[in-house]
>>> print(open('data01.cif').read())   # mmCIF, C-alpha atoms
data_input
loop_
_atom_site.label_atom_id
_atom_site.label_comp_id
_atom_site.auth_asym_id
_atom_site.auth_seq_id
_atom_site.Cartn_x
_atom_site.Cartn_y
_atom_site.Cartn_z
CA MET B 1410 86.97 97.57 108.88
CA THR B 1411 85.56 97.56 112.41
CA GLY B 1412 81.87 96.85 112.90
CA ARG B 1413 79.60 99.37 114.54
CA LEU B 1414 77.00 99.22 117.29
CA ILE B 1415 74.07 101.64 117.67
CA VAL B 1416 71.65 101.21 120.58
CA SER B 1417 68.41 103.19 120.70
CA VAL B 1418 65.60 103.62 123.24
CA SER B 1419 62.09 104.82 122.32
CA GLY B 1420 58.89 105.62 124.21
CA ILE B 1421 60.66 107.84 126.74
CA LYS B 1422 58.19 109.78 128.89
CA ASN B 1423 57.26 110.59 132.49
CA ASP B 1424 56.45 107.01 133.53
CA THR B 1425 59.24 105.25 131.62
CA TYR B 1426 62.27 107.53 131.61
CA GLU B 1427 63.56 106.06 134.87
CA HIS B 1428 63.83 102.68 133.12
CA ALA B 1429 65.78 104.40 130.36
CA ALA B 1430 67.93 106.22 132.93
CA GLU B 1431 68.86 102.98 134.68
CA PHE B 1432 69.71 101.37 131.34
CA ALA B 1433 71.82 104.39 130.39
CA ARG B 1434 73.80 104.09 133.63
CA ILE B 1435 74.51 100.43 132.85
CA LEU B 1436 75.68 101.28 129.34
CA ASP B 1437 77.85 104.12 130.64
CA GLY B 1438 79.86 101.42 132.39
CA ARG B 1439 80.36 99.69 129.04
CA GLY B 1440 81.24 102.87 127.18
CA VAL B 1441 78.13 102.63 125.00
CA PRO B 1442 76.21 105.85 124.21
CA LEU B 1443 72.50 105.84 123.41
CA SER B 1444 70.36 107.21 120.61
CA LEU B 1445 67.23 108.50 122.36
CA LEU B 1446 64.12 108.41 120.17
CA VAL B 1447 61.80 111.20 121.28
CA ALA B 1448 58.22 112.08 120.26
CA PRO B 1449 56.47 115.32 121.32
CA ARG B 1450 53.14 113.54 121.85
CA LEU B 1451 52.33 109.98 122.89
CA LYS B 1452 49.34 107.98 124.09
CA ASP B 1453 47.40 108.89 127.24
CA LYS B 1454 47.60 112.61 126.43
CA TYR B 1455 51.35 112.74 127.04
CA ARG B 1456 53.06 116.00 126.04
CA LEU B 1457 56.83 116.34 126.14
CA ALA B 1458 56.54 120.12 126.48
CA ALA B 1459 54.82 119.66 129.86
CA ASP B 1460 57.23 116.99 131.12
CA VAL B 1461 60.11 119.00 132.54
CA PRO B 1462 61.96 116.14 134.35
CA THR B 1463 62.14 114.07 131.16
CA GLN B 1464 63.28 117.10 129.17
CA GLU B 1465 66.04 117.78 131.68
CA TRP B 1466 67.22 114.17 131.62
CA LEU B 1467 67.25 114.10 127.82
CA ARG B 1468 69.25 117.32 127.60
CA ALA B 1469 71.75 116.05 130.16
CA ARG B 1470 72.21 112.80 128.27
CA ARG B 1471 72.66 114.65 124.97
CA ASP B 1472 75.26 116.92 126.55
CA GLY B 1473 77.06 113.79 127.75
CA GLY B 1474 77.30 112.29 124.26
CA ASP B 1475 73.96 110.61 123.57
CA ALA B 1476 71.99 111.48 120.44
CA ILE B 1477 68.45 112.85 120.22
CA VAL B 1478 66.38 111.46 117.34
CA LEU B 1479 62.90 112.72 116.44
CA HIS B 1480 60.51 109.79 116.57
CA GLY B 1481 57.24 111.09 115.18
CA TYR B 1482 54.92 113.88 116.23
CA ASP B 1483 51.56 112.71 117.56
CA GLN B 1484 51.44 108.92 117.77
CA ALA B 1485 48.24 109.10 119.82
CA ALA B 1486 46.37 110.52 116.82
CA THR B 1487 47.35 107.64 114.56
CA LYS B 1488 44.88 104.93 113.61
CA ARG B 1489 45.23 101.69 115.50
CA ARG B 1490 47.63 99.15 113.95
CA ARG B 1491 49.19 101.79 111.70
CA SER B 1492 52.38 103.67 112.50
CA GLU B 1493 52.23 107.44 112.22
CA PHE B 1494 54.39 108.07 109.13
CA SER B 1495 53.84 104.78 107.30
CA SER B 1496 51.34 106.06 104.72
CA LEU B 1497 51.41 109.86 104.82
CA PRO B 1498 51.57 111.94 101.64
CA ARG B 1499 54.39 114.47 101.41
CA HIS B 1500 52.36 117.53 102.39
CA GLU B 1501 50.86 116.02 105.53
CA ALA B 1502 54.19 114.51 106.56
CA ARG B 1503 55.86 117.91 106.16
CA LEU B 1504 53.25 119.57 108.39
CA ARG B 1505 53.76 116.97 111.12
CA LEU B 1506 57.53 117.20 110.88
CA MET B 1507 57.48 120.98 111.15
CA ALA B 1508 55.12 120.86 114.14
CA ALA B 1509 57.34 118.31 115.85
CA ASP B 1510 60.45 120.34 115.06
CA ARG B 1511 58.93 123.41 116.76
CA VAL B 1512 58.29 121.45 119.95
CA MET B 1513 61.80 120.00 119.92
CA GLU B 1514 63.28 123.47 119.47
CA GLN B 1515 61.16 124.89 122.30
CA THR B 1516 62.33 122.14 124.66
CA GLY B 1517 65.99 122.48 123.68
CA LEU B 1518 66.05 119.07 122.00
CA ARG B 1519 66.13 119.94 118.33
CA THR B 1520 67.71 117.35 116.04
CA ARG B 1521 68.32 116.83 112.34
CA ILE B 1522 67.83 113.05 112.55
CA PHE B 1523 64.52 111.25 112.16
CA ALA B 1524 63.33 107.71 112.83
CA ALA B 1525 59.67 107.07 112.08
CA PRO B 1526 57.54 105.17 114.61
CA ARG B 1527 58.10 101.45 114.00
CA TRP B 1528 60.91 102.59 111.67
CA ILE B 1529 58.50 102.82 108.70
CA ALA B 1530 58.30 106.02 106.62
CA SER B 1531 56.18 106.38 103.48
CA PRO B 1532 57.76 107.66 100.24
CA GLY B 1533 55.97 110.95 100.87
CA ALA B 1534 57.44 111.20 104.37
CA VAL B 1535 60.94 110.53 103.04
CA GLU B 1536 60.50 113.28 100.46
CA ALA B 1537 59.26 115.68 103.16
CA LEU B 1538 62.22 115.23 105.50
CA PRO B 1539 64.66 117.55 103.64
CA ASP B 1540 61.84 120.11 103.26
CA ALA B 1541 61.63 120.24 107.06
CA GLY B 1542 65.39 120.47 107.51
CA PHE B 1543 66.23 116.87 108.37
CA ARG B 1544 69.52 115.38 107.21
CA MET B 1545 69.27 111.74 108.19
CA LEU B 1546 66.64 109.01 108.25
CA ALA B 1547 67.09 105.90 110.38
CA ALA B 1548 64.77 103.39 108.69
CA LEU B 1549 64.02 99.73 109.27
CA ASN B 1550 66.63 98.39 106.86
CA GLY B 1551 69.12 101.20 106.54
CA ILE B 1552 70.49 104.58 107.57
CA HIS B 1553 69.93 107.23 104.90
CA ASP B 1554 72.03 110.36 104.46
CA LEU B 1555 69.40 112.59 102.88
CA GLU B 1556 71.77 115.34 101.81
CA ARG B 1557 74.34 113.11 100.12
CA ASP B 1558 71.80 110.52 98.95
CA GLY B 1559 73.78 107.73 100.58
CA ILE B 1560 72.71 104.70 102.57
CA VAL B 1561 74.26 102.26 105.02
CA ARG B 1562 72.28 99.04 104.77
CA ALA B 1563 71.64 97.51 108.18
CA ARG B 1564 68.45 96.18 109.74
CA VAL B 1565 67.08 97.01 113.17
CA TRP B 1566 66.86 94.26 115.79
CA GLY B 1567 64.28 95.46 118.29
CA ILE B 1568 62.11 94.65 121.27
CA GLY B 1569 58.75 96.37 121.67
CA GLU B 1570 57.16 99.05 119.50
CA GLY B 1571 56.27 96.72 116.64
CA PHE B 1572 58.88 94.08 117.43
CA LYS B 1573 58.24 90.88 119.34
CA ALA B 1574 58.81 90.74 123.10
CA GLU B 1575 58.97 86.97 123.54
CA PRO B 1576 61.79 84.63 124.64
CA TRP B 1577 62.25 83.01 121.22
CA TRP B 1578 62.74 86.44 119.67
CA PHE B 1579 65.24 87.47 122.35
CA LYS B 1580 67.42 84.50 121.36
CA ALA B 1581 67.13 85.35 117.66
CA LEU B 1582 68.05 88.97 118.38
CA VAL B 1583 71.21 88.04 120.29
CA ILE B 1584 72.27 85.56 117.60
CA GLY B 1585 71.57 88.09 114.82
CA ALA B 1586 73.54 90.84 116.56
CA GLY B 1587 76.49 88.53 117.13
CA ARG B 1588 76.49 87.34 113.51
CA THR B 1589 76.44 90.91 112.21
CA ALA B 1590 79.23 92.02 114.55
CA ARG B 1591 81.43 89.07 113.52
CA ARG B 1592 81.06 90.21 109.92
CA ASP B 1593 82.05 93.79 110.86
CA GLY B 1594 78.57 95.05 110.00
CA VAL B 1595 76.42 97.69 111.65
CA VAL B 1596 74.51 96.26 114.61
CA ARG B 1597 71.37 98.32 115.25
CA LEU B 1598 69.58 97.43 118.49
CA ALA B 1599 66.33 99.10 119.61
CA ILE B 1600 64.14 98.72 122.68
CA SER B 1601 61.23 100.67 124.11
CA ALA B 1602 61.65 102.22 127.54
CA LYS B 1603 58.60 100.29 128.71
CA GLN B 1604 60.28 96.98 127.85
CA LEU B 1605 63.37 98.06 129.76
CA GLY B 1606 61.20 97.77 132.87
CA ARG B 1607 61.04 93.99 132.31
CA PRO B 1608 64.07 91.82 133.18
CA GLY B 1609 63.81 89.50 130.15
CA PRO B 1610 63.91 92.14 127.41
CA ARG B 1611 66.51 94.21 129.24
CA GLN B 1612 68.83 91.23 129.63
CA ALA B 1613 68.40 90.21 126.00
CA ILE B 1614 69.47 93.65 124.80
CA LEU B 1615 72.41 93.67 127.20
CA ASP B 1616 73.48 90.22 125.97
CA ALA B 1617 73.30 91.44 122.37
CA ILE B 1618 75.34 94.53 123.26
CA ASP B 1619 77.97 92.52 125.10
CA LEU B 1620 78.28 90.00 122.27
CA SER B 1621 78.67 92.80 119.73
CA LEU B 1622 81.37 94.45 121.82
CA HIS B 1623 83.09 91.08 122.24
CA HIS B 1624 83.33 90.81 118.47
CA GLY B 1625 84.93 94.25 118.26
CA ALA B 1626 82.00 96.47 117.31
CA GLU B 1627 82.62 100.17 117.94
CA ALA B 1628 79.77 101.81 119.86
CA GLY B 1629 78.29 105.01 118.45
CA VAL B 1630 75.05 106.88 117.84
CA TYR B 1631 72.94 108.07 114.93
CA GLU B 1632 74.66 111.25 113.83
CA TRP B 1633 74.90 113.42 110.76
CA LEU B 1634 78.16 115.22 110.11
CA PRO B 1635 79.10 117.92 107.57
CA ARG B 1636 80.96 116.88 104.44
CA SER B 1637 84.38 117.50 106.01
CA ASN B 1638 83.60 114.63 108.40
CA SER B 1639 81.47 112.40 106.21
CA ARG B 1640 80.19 109.53 108.33
CA VAL B 1641 76.53 108.68 108.30
CA ALA B 1642 76.17 106.84 111.59
#
>>> encode(input="data01.cif", output="C-alpha coordinates")
Amino acid sequence: MTGRLIVSVSGIKNDTYEHAAEFARILDGRGVPLSLLVAPRLKDKYRLAADVPTQEWLRARRDGGDAIVLHGYDQAATKRRRSEFSSLPRHEARLRLMAADRVMEQTGLRTRIFAAPRWIASPGAVEALPDAGFRMLAALNGIHDLERDGIVRARVWGIGEGFKAEPWWFKALVIGAGRTARRDGVVRLAISAKQLGRPGPRQAILDAIDLSLHHGAEAGVYEWLPRSNSRVA
(Lines of atoms letter the chains of each structure in order from A and count residues from 1; the text may use other names and numbers.)
(Lines give C-alpha, C1' and ligand atoms only; values in the text may rest on other atoms or scores of the structure.)
Protein backbone atom coordinates (compact mmCIF):
# COMPACT_ATOMS: atom_id res chain seq x y z
CA MET A 1 0.00 0.00 0.00
CA THR A 2 1.33 3.42 -0.97
CA GLY A 3 1.85 6.02 1.75
CA ARG A 4 0.04 9.32 1.66
CA LEU A 5 1.07 12.94 2.07
CA ILE A 6 -1.22 15.75 3.23
CA VAL A 7 0.15 19.30 3.53
CA SER A 8 -1.89 22.03 5.21
CA VAL A 9 -1.48 25.78 5.72
CA SER A 10 -3.27 27.74 8.46
CA GLY A 11 -3.51 31.39 9.50
CA ILE A 12 -4.31 32.59 5.98
CA LYS A 13 -5.40 36.24 5.94
CA ASN A 14 -4.74 39.60 4.31
CA ASP A 15 -1.14 39.96 5.52
CA THR A 16 -0.08 36.32 5.12
CA TYR A 17 -1.88 34.90 2.09
CA GLU A 18 0.92 35.98 -0.25
CA HIS A 19 3.28 33.70 1.69
CA ALA A 20 0.76 30.90 1.23
CA ALA A 21 0.37 31.77 -2.46
CA GLU A 22 4.11 31.57 -3.08
CA PHE A 23 4.27 28.23 -1.26
CA ALA A 24 1.32 26.95 -3.30
CA ARG A 25 3.11 27.86 -6.53
CA ILE A 26 6.17 25.90 -5.39
CA LEU A 27 4.06 22.87 -4.54
CA ASP A 28 2.21 23.09 -7.86
CA GLY A 29 5.56 22.31 -9.46
CA ARG A 30 5.79 19.16 -7.33
CA GLY A 31 2.23 18.08 -7.99
CA VAL A 32 1.26 18.53 -4.33
CA PRO A 33 -2.16 20.06 -3.52
CA LEU A 34 -2.81 21.94 -0.29
CA SER A 35 -5.39 21.71 2.46
CA LEU A 36 -6.13 25.33 3.36
CA LEU A 37 -7.23 25.81 6.98
CA VAL A 38 -9.50 28.84 7.14
CA ALA A 39 -11.04 30.70 10.11
CA PRO A 40 -13.71 33.43 9.72
CA ARG A 41 -12.16 35.54 12.50
CA LEU A 42 -8.58 35.90 13.70
CA LYS A 43 -6.54 38.20 15.92
CA ASP A 44 -6.25 41.94 15.25
CA LYS A 45 -9.94 42.20 14.33
CA TYR A 46 -9.47 40.19 11.13
CA ARG A 47 -12.67 39.20 9.33
CA LEU A 48 -12.61 36.87 6.34
CA ALA A 49 -15.92 38.28 5.10
CA ALA A 50 -14.26 41.68 4.60
CA ASP A 51 -11.11 40.30 2.97
CA VAL A 52 -12.09 39.92 -0.67
CA PRO A 53 -8.58 39.25 -2.13
CA THR A 54 -8.00 36.35 0.26
CA GLN A 55 -11.47 34.97 -0.47
CA GLU A 56 -10.80 35.10 -4.20
CA TRP A 57 -7.45 33.36 -3.84
CA LEU A 58 -8.95 30.62 -1.65
CA ARG A 59 -11.78 29.98 -4.10
CA ALA A 60 -9.35 29.83 -7.02
CA ARG A 61 -7.14 27.35 -5.19
CA ARG A 62 -10.14 25.19 -4.25
CA ASP A 63 -11.31 25.18 -7.87
CA GLY A 64 -7.82 24.04 -8.85
CA GLY A 65 -7.87 21.03 -6.53
CA ASP A 66 -6.94 22.31 -3.07
CA ALA A 67 -9.20 21.61 -0.09
CA ILE A 68 -10.84 24.14 2.23
CA VAL A 69 -10.96 23.10 5.89
CA LEU A 70 -12.78 25.08 8.58
CA HIS A 71 -10.28 25.99 11.28
CA GLY A 72 -12.33 27.49 14.08
CA TYR A 73 -14.63 30.48 14.27
CA ASP A 74 -13.33 33.33 16.42
CA GLN A 75 -9.82 32.59 17.66
CA ALA A 76 -9.42 36.19 18.82
CA ALA A 77 -12.11 35.67 21.46
CA THR A 78 -10.35 32.68 22.99
CA LYS A 79 -8.50 32.93 26.29
CA ARG A 80 -4.75 33.21 26.03
CA ARG A 81 -2.87 29.89 25.97
CA ARG A 82 -6.06 27.94 25.21
CA SER A 83 -7.14 26.89 21.74
CA GLU A 84 -10.69 27.76 20.75
CA PHE A 85 -12.34 24.31 20.70
CA SER A 86 -10.16 22.54 23.26
CA SER A 87 -12.61 22.69 26.18
CA LEU A 88 -16.02 23.69 24.80
CA PRO A 89 -19.19 21.85 25.80
CA ARG A 90 -21.33 20.49 22.98
CA HIS A 91 -23.88 23.30 22.91
CA GLU A 92 -21.35 26.13 22.73
CA ALA A 93 -19.26 24.28 20.16
CA ARG A 94 -22.35 23.77 18.01
CA LEU A 95 -23.17 27.49 18.12
CA ARG A 96 -19.65 28.43 17.04
CA LEU A 97 -19.61 25.83 14.29
CA MET A 98 -22.93 27.03 12.91
CA ALA A 99 -21.81 30.67 12.99
CA ALA A 100 -18.58 29.76 11.20
CA ASP A 101 -20.48 27.68 8.65
CA ARG A 102 -22.69 30.66 7.79
CA VAL A 103 -19.66 32.84 7.09
CA MET A 104 -18.05 30.14 4.97
CA GLU A 105 -21.24 29.74 2.96
CA GLN A 106 -21.55 33.50 2.44
CA THR A 107 -17.98 33.70 1.14
CA GLY A 108 -18.37 30.68 -1.15
CA LEU A 109 -15.96 28.57 0.91
CA ARG A 110 -18.25 26.14 2.67
CA THR A 111 -16.71 22.82 3.66
CA ARG A 112 -17.71 19.67 5.51
CA ILE A 113 -14.24 19.17 7.01
CA PHE A 114 -13.07 20.61 10.32
CA ALA A 115 -9.69 20.96 12.01
CA ALA A 116 -9.75 22.68 15.39
CA PRO A 117 -7.17 25.38 16.17
CA ARG A 118 -4.00 23.62 17.34
CA TRP A 119 -5.74 20.41 16.20
CA ILE A 120 -7.40 19.95 19.63
CA ALA A 121 -11.17 19.44 19.89
CA SER A 122 -12.98 18.70 23.16
CA PRO A 123 -15.33 15.70 23.41
CA GLY A 124 -18.22 18.17 23.29
CA ALA A 125 -16.87 19.74 20.09
CA VAL A 126 -16.49 16.33 18.47
CA GLU A 127 -20.09 15.49 19.35
CA ALA A 128 -21.27 18.84 17.93
CA LEU A 129 -19.63 18.43 14.53
CA PRO A 130 -22.28 16.11 12.99
CA ASP A 131 -25.01 18.35 14.46
CA ALA A 132 -23.58 21.21 12.40
CA GLY A 133 -23.26 19.11 9.25
CA PHE A 134 -19.58 18.24 9.33
CA ARG A 135 -18.41 14.87 8.04
CA MET A 136 -14.72 14.79 8.88
CA LEU A 137 -12.46 15.88 11.73
CA ALA A 138 -8.72 16.28 11.21
CA ALA A 139 -7.35 15.97 14.75
CA LEU A 140 -3.86 15.93 16.20
CA ASN A 141 -3.40 12.17 16.09
CA GLY A 142 -5.87 11.02 13.47
CA ILE A 143 -8.38 11.72 10.72
CA HIS A 144 -11.93 10.88 11.78
CA ASP A 145 -14.76 9.99 9.42
CA LEU A 146 -17.68 11.17 11.54
CA GLU A 147 -20.39 9.56 9.46
CA ARG A 148 -18.83 6.10 9.26
CA ASP A 149 -17.20 6.28 12.69
CA GLY A 150 -13.82 5.42 11.21
CA ILE A 151 -10.35 6.75 11.89
CA VAL A 152 -6.99 6.84 10.14
CA ARG A 153 -4.35 7.13 12.84
CA ALA A 154 -1.62 9.58 11.88
CA ARG A 155 -0.05 12.44 13.81
CA VAL A 156 0.49 15.98 12.60
CA TRP A 157 4.04 17.27 12.18
CA GLY A 158 3.76 21.05 12.27
CA ILE A 159 5.53 24.38 12.46
CA GLY A 160 3.83 27.32 14.16
CA GLU A 161 0.36 27.51 15.70
CA GLY A 162 1.21 25.47 18.78
CA PHE A 163 4.17 23.64 17.26
CA LYS A 164 7.80 24.59 17.72
CA ALA A 165 9.53 26.84 15.18
CA GLU A 166 13.14 26.08 16.07
CA PRO A 167 15.97 24.40 14.11
CA TRP A 168 16.07 21.26 16.27
CA TRP A 169 12.36 20.72 15.65
CA PHE A 170 12.76 21.24 11.90
CA LYS A 171 15.24 18.34 11.84
CA ALA A 172 12.92 16.13 13.88
CA LEU A 173 10.02 16.97 11.57
CA VAL A 174 11.93 16.00 8.43
CA ILE A 175 13.16 12.76 10.01
CA GLY A 176 9.66 11.91 11.28
CA ALA A 177 8.06 12.55 7.89
CA GLY A 178 10.66 10.41 6.13
CA ARG A 179 10.24 7.55 8.60
CA THR A 180 6.46 7.58 8.19
CA ALA A 181 6.68 7.69 4.39
CA ARG A 182 9.11 4.75 4.32
CA ARG A 183 6.57 2.74 6.28
CA ASP A 184 3.80 3.67 3.81
CA GLY A 185 1.99 5.67 6.48
CA VAL A 186 0.09 8.93 6.25
CA VAL A 187 2.43 11.92 6.46
CA ARG A 188 0.54 14.97 7.75
CA LEU A 189 2.52 18.21 7.53
CA ALA A 190 1.19 21.57 8.76
CA ILE A 191 2.60 25.08 8.76
CA SER A 192 1.16 28.51 9.47
CA ALA A 193 1.20 31.07 6.67
CA LYS A 194 3.17 33.40 8.93
CA GLN A 195 5.96 30.84 9.27
CA LEU A 196 6.05 30.44 5.50
CA GLY A 197 7.40 33.99 5.43
CA ARG A 198 10.58 32.73 7.14
CA PRO A 199 13.17 30.79 5.10
CA GLY A 200 14.00 28.22 7.81
CA PRO A 201 10.49 26.90 8.43
CA ARG A 202 9.61 27.01 4.74
CA GLN A 203 12.67 25.00 3.77
CA ALA A 204 12.06 22.45 6.53
CA ILE A 205 8.54 21.78 5.26
CA LEU A 206 9.78 21.55 1.68
CA ASP A 207 12.49 19.09 2.74
CA ALA A 208 9.89 16.96 4.53
CA ILE A 209 7.64 17.05 1.46
CA ASP A 210 10.46 16.11 -0.89
CA LEU A 211 11.60 13.25 1.34
CA SER A 212 8.05 11.92 1.58
CA LEU A 213 7.65 12.04 -2.19
CA HIS A 214 11.04 10.35 -2.60
CA HIS A 215 9.75 7.45 -0.52
CA GLY A 216 6.69 7.13 -2.75
CA ALA A 217 4.02 8.96 -0.75
CA GLU A 218 0.99 9.95 -2.82
CA ALA A 219 0.03 13.60 -2.34
CA GLY A 220 -3.58 14.39 -1.49
CA VAL A 221 -5.82 16.57 0.65
CA TYR A 222 -8.29 16.21 3.50
CA GLU A 223 -11.47 15.11 1.78
CA TRP A 224 -14.68 13.34 2.63
CA LEU A 225 -16.29 11.20 -0.03
CA PRO A 226 -19.70 9.48 -0.18
CA ARG A 227 -19.89 5.77 0.57
CA SER A 228 -19.49 4.79 -3.09
CA ASN A 229 -15.97 6.26 -2.92
CA SER A 230 -15.04 5.54 0.68
CA ARG A 231 -11.68 7.14 1.37
CA VAL A 232 -11.25 9.31 4.42
CA ALA A 233 -8.26 11.41 3.41
>>> closest_residue(input="data01.cif", among="B:Ala1502, B:Met1545, B:Val1512, B:Val1535", to="Pro1635 of chain B", atoms="only C-alpha atoms")
B:Met1545
>>> closest_residue(input="data01.cif", among="B:Tyr1482, B:Phe1432, B:Tyr1631, B:Phe1523", to="Ile1600 of chain B", atoms="all atoms listed in the file")
B:Phe1432
>>> atom_distance(input="data01.cif", atom1="atom CA of Arg1521 of chain B", atom2="atom CA of Arg1544 of chain B")
5.5 Å
>>> closest_residue(input="data01.cif", among="B:Ile1529, B:Arg1413, B:Glu1627, B:Ala1602", to="Val1561 of chain B", atoms="only C-alpha atoms")
B:Arg1413
>>> resolve_selection(input="data01.cif", expression="the PyMOL selection byres ((chain B and resi 1522) around 10)", output="VMD selection string")
chain B and resid 1446 1476 to 1480 1519 to 1521 1523 to 1524 1538 1542 to 1547 1553 to 1555 1631 to 1633
>>> write_last_selection(input="data01.cif", atoms="C-alpha atoms", output="mmCIF file, in the coordinates of the input")
data_model
loop_
_atom_site.group_PDB
_atom_site.id
_atom_site.type_symbol
_atom_site.label_atom_id
_atom_site.label_comp_id
_atom_site.auth_asym_id
_atom_site.auth_seq_id
_atom_site.Cartn_x
_atom_site.Cartn_y
_atom_site.Cartn_z
ATOM 1 C CA LEU B 1446 64.120 108.410 120.170
ATOM 2 C CA ALA B 1476 71.990 111.480 120.440
ATOM 3 C CA ILE B 1477 68.450 112.850 120.220
ATOM 4 C CA VAL B 1478 66.380 111.460 117.340
ATOM 5 C CA LEU B 1479 62.900 112.720 116.440
ATOM 6 C CA HIS B 1480 60.510 109.790 116.570
ATOM 7 C CA ARG B 1519 66.130 119.940 118.330
ATOM 8 C CA THR B 1520 67.710 117.350 116.040
ATOM 9 C CA ARG B 1521 68.320 116.830 112.340
ATOM 10 C CA PHE B 1523 64.520 111.250 112.160
ATOM 11 C CA ALA B 1524 63.330 107.710 112.830
ATOM 12 C CA LEU B 1538 62.220 115.230 105.500
ATOM 13 C CA GLY B 1542 65.390 120.470 107.510
ATOM 14 C CA PHE B 1543 66.230 116.870 108.370
ATOM 15 C CA ARG B 1544 69.520 115.380 107.210
ATOM 16 C CA MET B 1545 69.270 111.740 108.190
ATOM 17 C CA LEU B 1546 66.640 109.010 108.250
ATOM 18 C CA ALA B 1547 67.090 105.900 110.380
ATOM 19 C CA HIS B 1553 69.930 107.230 104.900
ATOM 20 C CA ASP B 1554 72.030 110.360 104.460
ATOM 21 C CA LEU B 1555 69.400 112.590 102.880
ATOM 22 C CA TYR B 1631 72.940 108.070 114.930
ATOM 23 C CA GLU B 1632 74.660 111.250 113.830
ATOM 24 C CA TRP B 1633 74.900 113.420 110.760
#
>>> closest_residue(input="data01.cif", among="B:Pro1449, B:Gly1559, B:Gly1420, B:Gly1587", to="Leu1605 of chain B", atoms="only C-alpha atoms")
B:Gly1420
>>> closest_residue(input="data01.cif", among="B:Ser1419, B:Ile1435, B:Gly1473, B:Trp1578", to="Asp1619 of chain B", atoms="all atoms listed in the file")
B:Ile1435
>>> closest_residue(input="data01.cif", among="B:Val1595, B:Ala1429, B:Ala1626, B:Val1583", to="Ala1613 of chain B", atoms="only C-alpha atoms")
B:Val1583
>>> atom_distance(input="data01.cif", atom1="atom CA of Ser1444 of chain B", atom2="atom CA of Ser1417 of chain B")
4.5 Å
>>> resolve_selection(input="data01.cif", expression="the PyMOL selection byres ((chain B and resi 1576) around 12)", output="PDB file with C-alpha atoms, in the frame of the given file")
ATOM      1  CA  ILE B1568      62.110  94.650 121.270  1.00  0.00           C
ATOM      2  CA  LYS B1573      58.240  90.880 119.340  1.00  0.00           C
ATOM      3  CA  ALA B1574      58.810  90.740 123.100  1.00  0.00           C
ATOM      4  CA  GLU B1575      58.970  86.970 123.540  1.00  0.00           C
ATOM      5  CA  TRP B1577      62.250  83.010 121.220  1.00  0.00           C
ATOM      6  CA  TRP B1578      62.740  86.440 119.670  1.00  0.00           C
ATOM      7  CA  PHE B1579      65.240  87.470 122.350  1.00  0.00           C
ATOM      8  CA  LYS B1580      67.420  84.500 121.360  1.00  0.00           C
ATOM      9  CA  ALA B1581      67.130  85.350 117.660  1.00  0.00           C
ATOM     10  CA  LEU B1582      68.050  88.970 118.380  1.00  0.00           C
ATOM     11  CA  VAL B1583      71.210  88.040 120.290  1.00  0.00           C
ATOM     12  CA  PRO B1608      64.070  91.820 133.180  1.00  0.00           C
ATOM     13  CA  GLY B1609      63.810  89.500 130.150  1.00  0.00           C
ATOM     14  CA  PRO B1610      63.910  92.140 127.410  1.00  0.00           C
ATOM     15  CA  ARG B1611      66.510  94.210 129.240  1.00  0.00           C
ATOM     16  CA  GLN B1612      68.830  91.230 129.630  1.00  0.00           C
ATOM     17  CA  ALA B1613      68.400  90.210 126.000  1.00  0.00           C
ATOM     18  CA  ILE B1614      69.470  93.650 124.800  1.00  0.00           C
TER      19      ILE B1614
END
>>> atom_distance(input="data01.cif", atom1="atom CA of Leu1467 of chain B", atom2="atom CA of Tyr1455 of chain B")
16.0 Å
>>> resolve_selection(input="data01.cif", expression="the PyMOL selection byres ((chain B and resi 1628) around 8)", output="list of chain:residue names")
B:Arg1413, B:Leu1414, B:Ile1415, B:Gly1440, B:Val1441, B:Pro1442, B:Leu1622, B:Ala1626, B:Glu1627, B:Gly1629, B:Val1630
